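Asker: Before I ask anything, let me first share the structure, which is written out below as structure tokens.
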Amino acid sequence: MGDATKRIISGILVGVLVSALVAGLAWRGILSDWEASTYDWRLSTVAHLDPQDSKILMMYVDQASLDMMEKSDLGWPWPRALYADVLQFCKTGGARAVIFDIIYSEDSIFGVADDDAFANGLAETGNGFLSVFLSQKIETPLNEVAPLLEKSAISITDTQSPEPVYPGFLALPISPLMQAARGFGNVQLAPDPDGIYRRMPLLFNYNGTIIPSLYMAVFHAENPGDVVSLMPGRMQVKDLDVPLDAQGNMILKYYGGVDTFPTVGLAQVVMAARAMKDGETPSVDPSIVKDKIVIIGVSAPGLYDLRPQPLASRYPGAEIHATAFQNILTNDHIRLVPMAMGLAGMLVLAMLLGMILRLDLPQWASIVMGSVGLLVAAGIPTIAIRFGWWAPMVAPVLAVVATFAATIVVNYLSEGRKKRAIRDTFQKYLAPTVVKELLKHTDAVTLGGAEQDVTVYFSDIAGFTDMAENMTADALVAALNDYLTRCSQIIMDAHGTIDKYIGDAVMAFWGAPLAMPDHAEAACVTAVKVQKMLAAWNAEREKLNLPPMPTRIGIHSGKAVVGNMGSVQRMNYTAMGDTVNLASRLEGINKFFGTQTIASSAAVATVKEKVLCRHLAAVRVKGRHGVIEIYELRGEMSDVTEQDHHLVQEFEKGLAAYRDGRLDEAQSVFEVLARDYNDVPSKRYVQWIKAAARAPMGSDWDGVVTFDSK
């Protein structure tokens, strides 16, 4: 058996073993909470409801309604006679049904006449539905249940009965309302184990009698005598076909957070109904309820009917029922992909991934294949939700991650002796990225190097020598180690290669050994992040009476020779050349301008949208031909202020005037900036302009600043 065949078989076995482990976790329900959370996220990507498509109108006792009625000296609870007016309003407007998601289990505090008025309204309009609540606490005499059983009990086939069976406990509306309502629906809801309301039972087993939910109460009233067929995974009656989970619950497809459905305050409707009775024009047109199912509920925080759902942590309970209505009325359902089918797909994916990852692939290819596997495992369920399917996500994703990790372990254990020897040798003094590059090309461990495009970063602590003289050796070492650790972490997080530490100086570069098309941008962004970190850190040091460590940074992009250089006894991966030297020179130029970070035009060419760059000067440096345009990096765009932008804009106006020889104009600009912003570069230009004024300007004036010292 060849080596390639052995690798393929071992990869398949890894996939099978991982799948078996994950399948065991899934069958035991250990992944259920995580799966539910991913469903919530997936649902949020498709949650939307055009108000014109809504079959529901919510009438809420919201805080505004409570406040409005308070002005009429009516506190909560309101007189029930008002609901009779609301019912008449809905009948006038042509509502399909009016549902009260409020349980009237006690007599009105306003007396019998108040209850009678509400009951008369229910009887006269003939389309009002009331809520009941199956309970383990309230025992209801069977004779009181008779009106409910007569109007709303549902017949089902013997295929399957709803679970659990409730043993004769039911919270009911008071008798006059029971007699007058068209139907009744149970409003009991049970959250998932994590407390989120994702499902709703449509039928309830009340001591052997089937009690409907609010939707089924309306359906039963409109289709009396129809027999419901309740089967594993679905409920059918007439043209209705609703998918169910294993417990017989409908999975709710929410359309958003609070106020997803068209909503009107109940107090507004009450006032409109009164206006209609008085022959006045109502503030709310009754036509808004035309052919709608109106659900009346409470949403004011103080009335305690707010519950968590996947897209909102505080959601009115009435809108949970509204969601069920909308799902069923528009046939917009969530169906469960059977677990066995999902696990079978997971097995195939894990086997394929294990087989591919065991092949002798470059590391980048392995990462790509692992990412593709992860994309498939997460992407298919994410796409499936758009078509109304809840496919398992956590189990496949976990299987992909575990298969990837397992194959890494297997590959490591079977990796060649030469690679292991190289790692053991070089990981002691090379950055991890360099080690990885060498492991890809084991023959590249030589003393030579190659010319590459890089961006070099030099930093140095300003005034370090004086600071060191005033500190003990232990304190100095501790402070310097802390400083270097903080700076180095930011550099390495940005995939920079730390070349060396030279006392308090740091040299790093981007673009080697791993090619980076955006190496200049990475270096410049890193520099401003280092300065931001140091500003906060130095402020903390000053609070502790410790000397700050202000840092100057120079950055330049260009060609450099990069490679392993040194002796036979010791090699170091480093960069050398004019690009390195110029970056070091730019770091020193900060001292003359009073700036913190200077970069060449080559380095800032692609970073100006992310970092605020001030065109500082055109300079000549000793030992180098040509003019270099230099820029100050003032900070990331998200951190700088309008004042920073104004300073840069005005400064560049002054710089343009200076370079054109319009020195009086330039001096005026720089003096304002020096005064208003205490800007050191502006002060330097004022000094140079005053010095230039003492000698006649030659025809060769170019505004270039020359630095004769290194």
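A note on labels: chains of the structure tokens are A, B, ... as shown, every chain counts residues from 1, and ligands are counted from 1 in their shown order.
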Please provide the set of residues having any atom within 8 Å of Ile174 (chain A), restricted to only C-alpha atoms, with same-chain residues fewer than 4 positions apart removed, written as a list in words.

Answerer: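 That gives Tyr104, Ser105, Glu106, Asp107 and Met178 of chain A.
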
Asker: Could the residues in this selection be written to a file with C-alpha atoms, as a PDB file, in the first residue's frame?

Answerer:
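The resulting selection26.pdb:
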ATOM      1  CA  TYR A 104     -60.447  38.031  32.293  1.00  0.00           C
ATOM      2  CA  SER A 105     -60.586  35.425  35.063  1.00  0.00           C
ATOM      3  CA  GLU A 106     -61.915  37.827  37.718  1.00  0.00           C
ATOM      4  CA  ASP A 107     -64.906  40.154  37.873  1.00  0.00           C
ATOM      5  CA  MET A 178     -67.449  32.762  28.366  1.00  0.00           C
TER       6      MET A 178
END

Asker: Which residues are near Ser313 (chain A)? Cut-off 12 Å, only C-alpha atoms, ignore same chain within fewer than 3 positions. Put them as a PyMOL selection string.

Answerer: chain A and resi 40+195-197+256-258+306-310+316-317

Asker: In Å, how far is it from CA of Thr330 (chain A) to CA of Pro232 (chain A)?

Answerer: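 Computed distance, CA of Thr330 (chain A) to CA of Pro232 (chain A), equals 22.2 Å.
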
Asker: Could you pull out the strand (DSSP E or B) residues of region 458-697 of chain A, going by DSSP on the backbone, and write them as a compact mmCIF listing (two decimals) with N, CA and C atoms, in the first residue's frame?

Answerer:
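Now in states-v7.txt:
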# COMPACT_ATOMS: atom_id res chain seq x y z
N PHE A 458 11.72 51.63 12.23
CA PHE A 458 12.73 51.86 13.27
C PHE A 458 12.10 52.70 14.37
N SER A 459 12.32 52.31 15.61
CA SER A 459 11.83 53.13 16.72
C SER A 459 12.93 53.29 17.76
N ASP A 460 12.85 54.39 18.50
CA ASP A 460 13.85 54.69 19.53
C ASP A 460 13.16 55.52 20.61
N ILE A 461 13.53 55.30 21.86
CA ILE A 461 12.95 56.07 22.97
C ILE A 461 13.67 57.40 23.07
N THR A 497 7.79 41.30 11.12
CA THR A 497 8.94 40.50 11.56
C THR A 497 9.85 41.39 12.39
N ILE A 498 10.05 41.03 13.64
CA ILE A 498 10.96 41.80 14.49
C ILE A 498 12.38 41.36 14.17
N ASP A 499 13.15 42.28 13.59
CA ASP A 499 14.51 41.96 13.19
C ASP A 499 15.43 41.88 14.40
N LYS A 500 15.42 42.94 15.19
CA LYS A 500 16.35 42.95 16.33
C LYS A 500 15.95 44.06 17.31
N TYR A 501 16.48 43.94 18.53
CA TYR A 501 16.43 45.00 19.53
C TYR A 501 17.86 45.52 19.69
N ILE A 502 18.00 46.83 19.61
CA ILE A 502 19.31 47.44 19.80
C ILE A 502 19.19 48.37 20.99
N ALA A 505 16.07 50.49 21.04
CA ALA A 505 15.57 50.61 19.67
C ALA A 505 14.98 49.28 19.19
N VAL A 506 13.96 49.40 18.32
CA VAL A 506 13.33 48.23 17.72
C VAL A 506 13.41 48.38 16.21
N MET A 507 13.88 47.33 15.55
CA MET A 507 13.84 47.28 14.09
C MET A 507 12.92 46.15 13.67
N ALA A 508 11.99 46.45 12.80
CA ALA A 508 11.06 45.44 12.30
C ALA A 508 10.81 45.72 10.83
N PHE A 509 10.25 44.74 10.14
CA PHE A 509 9.90 44.96 8.74
C PHE A 509 8.73 44.08 8.34
N TRP A 510 8.06 44.52 7.28
CA TRP A 510 6.92 43.80 6.71
C TRP A 510 7.24 43.48 5.25
N THR A 551 8.40 57.90 22.24
CA THR A 551 9.09 57.12 21.21
C THR A 551 9.00 57.80 19.86
N ARG A 552 10.13 57.77 19.14
CA ARG A 552 10.18 58.28 17.77
C ARG A 552 10.26 57.09 16.82
N ILE A 553 9.50 57.17 15.72
CA ILE A 553 9.45 56.07 14.76
C ILE A 553 9.72 56.60 13.36
N GLY A 554 10.52 55.85 12.60
CA GLY A 554 10.76 56.15 11.19
C GLY A 554 10.38 54.97 10.32
N ILE A 555 9.75 55.24 9.17
CA ILE A 555 9.25 54.17 8.30
C ILE A 555 9.59 54.51 6.85
N HIS A 556 10.09 53.49 6.13
CA HIS A 556 10.37 53.68 4.70
C HIS A 556 10.12 52.37 3.97
N SER A 557 9.62 52.47 2.74
CA SER A 557 9.37 51.30 1.90
C SER A 557 10.33 51.30 0.72
N GLY A 558 10.78 50.10 0.35
CA GLY A 558 11.67 49.97 -0.80
C GLY A 558 12.28 48.59 -0.86
N LYS A 559 13.32 48.47 -1.67
CA LYS A 559 14.02 47.21 -1.82
C LYS A 559 15.01 47.02 -0.67
N ALA A 560 15.13 45.77 -0.22
CA ALA A 560 16.12 45.43 0.80
C ALA A 560 16.53 43.98 0.59
N VAL A 561 17.75 43.68 0.98
CA VAL A 561 18.21 42.30 0.95
C VAL A 561 17.80 41.64 2.25
N VAL A 562 17.01 40.57 2.12
CA VAL A 562 16.46 39.90 3.30
C VAL A 562 16.85 38.44 3.24
N GLY A 563 17.31 37.92 4.38
CA GLY A 563 17.65 36.50 4.42
C GLY A 563 18.37 36.14 5.69
N ASN A 564 18.81 34.88 5.74
CA ASN A 564 19.58 34.40 6.89
C ASN A 564 21.03 34.82 6.71
N MET A 565 21.50 35.63 7.61
CA MET A 565 22.86 36.16 7.51
C MET A 565 23.57 35.96 8.83
N GLY A 566 24.86 35.71 8.76
CA GLY A 566 25.64 35.50 9.96
C GLY A 566 26.78 34.55 9.70
N MET A 571 23.08 32.21 12.83
CA MET A 571 22.49 32.99 11.76
C MET A 571 21.33 33.83 12.31
N ASN A 572 21.05 34.91 11.62
CA ASN A 572 19.92 35.75 12.00
C ASN A 572 19.19 36.17 10.74
N TYR A 573 17.88 36.10 10.80
CA TYR A 573 17.07 36.52 9.66
C TYR A 573 16.93 38.03 9.75
N THR A 574 17.46 38.76 8.78
CA THR A 574 17.53 40.21 8.89
C THR A 574 17.38 40.85 7.53
N ALA A 575 17.29 42.18 7.54
CA ALA A 575 17.21 42.96 6.31
C ALA A 575 18.31 44.00 6.32
N MET A 576 18.82 44.32 5.15
CA MET A 576 19.87 45.34 5.07
C MET A 576 19.75 46.07 3.74
N THR A 597 6.22 60.28 14.66
CA THR A 597 6.34 59.27 13.61
C THR A 597 6.45 59.94 12.25
N ILE A 598 7.52 59.59 11.53
CA ILE A 598 7.73 60.11 10.17
C ILE A 598 7.86 58.93 9.22
N ALA A 599 7.18 59.03 8.08
CA ALA A 599 7.26 58.00 7.05
C ALA A 599 7.53 58.67 5.71
N SER A 600 8.18 57.94 4.84
CA SER A 600 8.46 58.46 3.50
C SER A 600 7.21 58.39 2.64
N VAL A 611 -4.99 56.46 7.70
CA VAL A 611 -4.17 57.21 8.65
C VAL A 611 -4.10 58.66 8.19
N LEU A 612 -4.25 59.58 9.13
CA LEU A 612 -4.12 61.00 8.81
C LEU A 612 -2.63 61.32 8.66
N CYS A 613 -2.23 61.70 7.46
CA CYS A 613 -0.83 61.97 7.16
C CYS A 613 -0.64 63.46 6.89
N ARG A 614 0.35 64.05 7.54
CA ARG A 614 0.67 65.46 7.28
C ARG A 614 1.94 65.53 6.42
N HIS A 615 1.82 66.14 5.25
CA HIS A 615 2.99 66.34 4.40
C HIS A 615 3.91 67.32 5.13
N LEU A 616 5.04 66.82 5.60
CA LEU A 616 5.87 67.58 6.52
C LEU A 616 6.93 68.40 5.80
N ALA A 617 7.60 67.78 4.83
CA ALA A 617 8.70 68.49 4.17
C ALA A 617 9.23 67.66 3.02
N ALA A 618 10.02 68.33 2.20
CA ALA A 618 10.90 67.63 1.26
C ALA A 618 12.30 67.77 1.83
N VAL A 619 13.01 66.67 1.99
CA VAL A 619 14.30 66.72 2.69
C VAL A 619 15.39 66.05 1.85
N ARG A 620 16.62 66.53 2.13
CA ARG A 620 17.82 65.83 1.68
C ARG A 620 18.56 65.36 2.92
N VAL A 621 19.04 64.14 2.87
CA VAL A 621 19.80 63.63 4.01
C VAL A 621 21.22 63.34 3.57
N ILE A 628 13.60 63.49 -0.63
CA ILE A 628 12.63 62.56 -0.06
C ILE A 628 11.47 63.36 0.51
N GLU A 629 10.27 63.05 0.09
CA GLU A 629 9.07 63.66 0.67
C GLU A 629 8.72 62.88 1.93
N ILE A 630 8.59 63.60 3.04
CA ILE A 630 8.30 62.92 4.30
C ILE A 630 6.95 63.38 4.87
N TYR A 631 6.34 62.50 5.63
CA TYR A 631 5.00 62.72 6.19
C TYR A 631 4.99 62.36 7.66
N GLU A 632 4.22 63.14 8.41
CA GLU A 632 3.97 62.78 9.82
C GLU A 632 2.69 61.95 9.88
N LEU A 633 2.74 60.83 10.58
CA LEU A 633 1.55 60.00 10.81
C LEU A 633 0.93 60.44 12.13
N ARG A 634 -0.26 61.02 12.06
CA ARG A 634 -0.86 61.62 13.25
C ARG A 634 -1.86 60.70 13.96
N GLY A 635 -2.30 59.66 13.31
CA GLY A 635 -3.24 58.73 13.96
C GLY A 635 -4.20 58.13 12.95
N GLU A 636 -4.88 57.07 13.38
CA GLU A 636 -5.89 56.46 12.52
C GLU A 636 -7.08 57.43 12.37

Asker: Name all residues at most 12 Å from Val376 (chain A) (count only C-alpha atoms; drop same-chain ones fewer than 4 positions away) and give them as an MDAnalysis selection string.

Answerer: chainID A and resid 345:346 348:350 352:353 369:372 380:384 393 396:397 399:400

Asker: Report as number ranges by chain all protein, DNA and RNA residues lying within 10 Å of Pro517 (chain A), evaluated on only C-alpha atoms, omitting residues in the same chain fewer than 4 positions from it.

Answerer: A: 453-454, 510-511, 521-522

Asker: Output the selection as a compact mmCIF listing (two decimals), in the first residue's frame - N, CA and C atoms for each residue.

Answerer:
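File written: again_26.txt
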# COMPACT_ATOMS: atom_id res chain seq x y z
N ASP A 453 10.71 43.53 -1.78
CA ASP A 453 10.02 44.78 -1.44
C ASP A 453 9.54 44.69 0.00
N VAL A 454 10.00 45.60 0.84
CA VAL A 454 9.64 45.58 2.26
C VAL A 454 9.37 46.99 2.74
N TRP A 510 8.06 44.52 7.28
CA TRP A 510 6.92 43.80 6.71
C TRP A 510 7.24 43.48 5.25
N GLY A 511 6.74 42.35 4.76
CA GLY A 511 6.95 41.96 3.37
C GLY A 511 7.90 40.80 3.20
N GLU A 521 1.10 49.70 4.28
CA GLU A 521 -0.08 50.03 5.09
C GLU A 521 0.01 49.38 6.46
N ALA A 522 0.42 48.11 6.51
CA ALA A 522 0.52 47.41 7.79
C ALA A 522 1.52 48.10 8.71

Asker: Counting only C-alpha atoms, what is within 9 Å of region 263-267 of chain A, bar same-chain residues fewer than 4 positions away, as a list of chain:residue names?

Answerer: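 Result of the neighbour search: A:Ile56, A:Leu57, A:Met58, A:Met59, A:Tyr60, A:Val61, A:Asp62, A:Gln63, A:Ala64, A:Ser65, A:Leu66, A:Met68, A:Met69, A:Val86, A:Asp259, A:Met271, A:Ala272, A:Val284, A:Ile296, A:Gly297.
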
Asker: What's the 12 Å shell around Met467 (chain A), counting only C-alpha atoms, without same-chain residues fewer than 6 positions away, as number ranges by chain?

Answerer: A: 461, 473, 475-476, 479-480, 504, 546-550

Asker: If you count only C-alpha atoms, which residues fall within 8 Å of region 406-414 of chain A, apart from same-chain ones fewer than 3 positions away, as a count of residues only?

Answerer: 7

Asker: Could you give me, as a ChimeraX atom specification, each residue of region 167-365 of chain A that DSSP assigns to helix (DSSP H, G or I) when run on this structure's backbone?

Answerer: /A:175-180,214-222,266-277,286-289,301-303,317-329,339-357,363-365
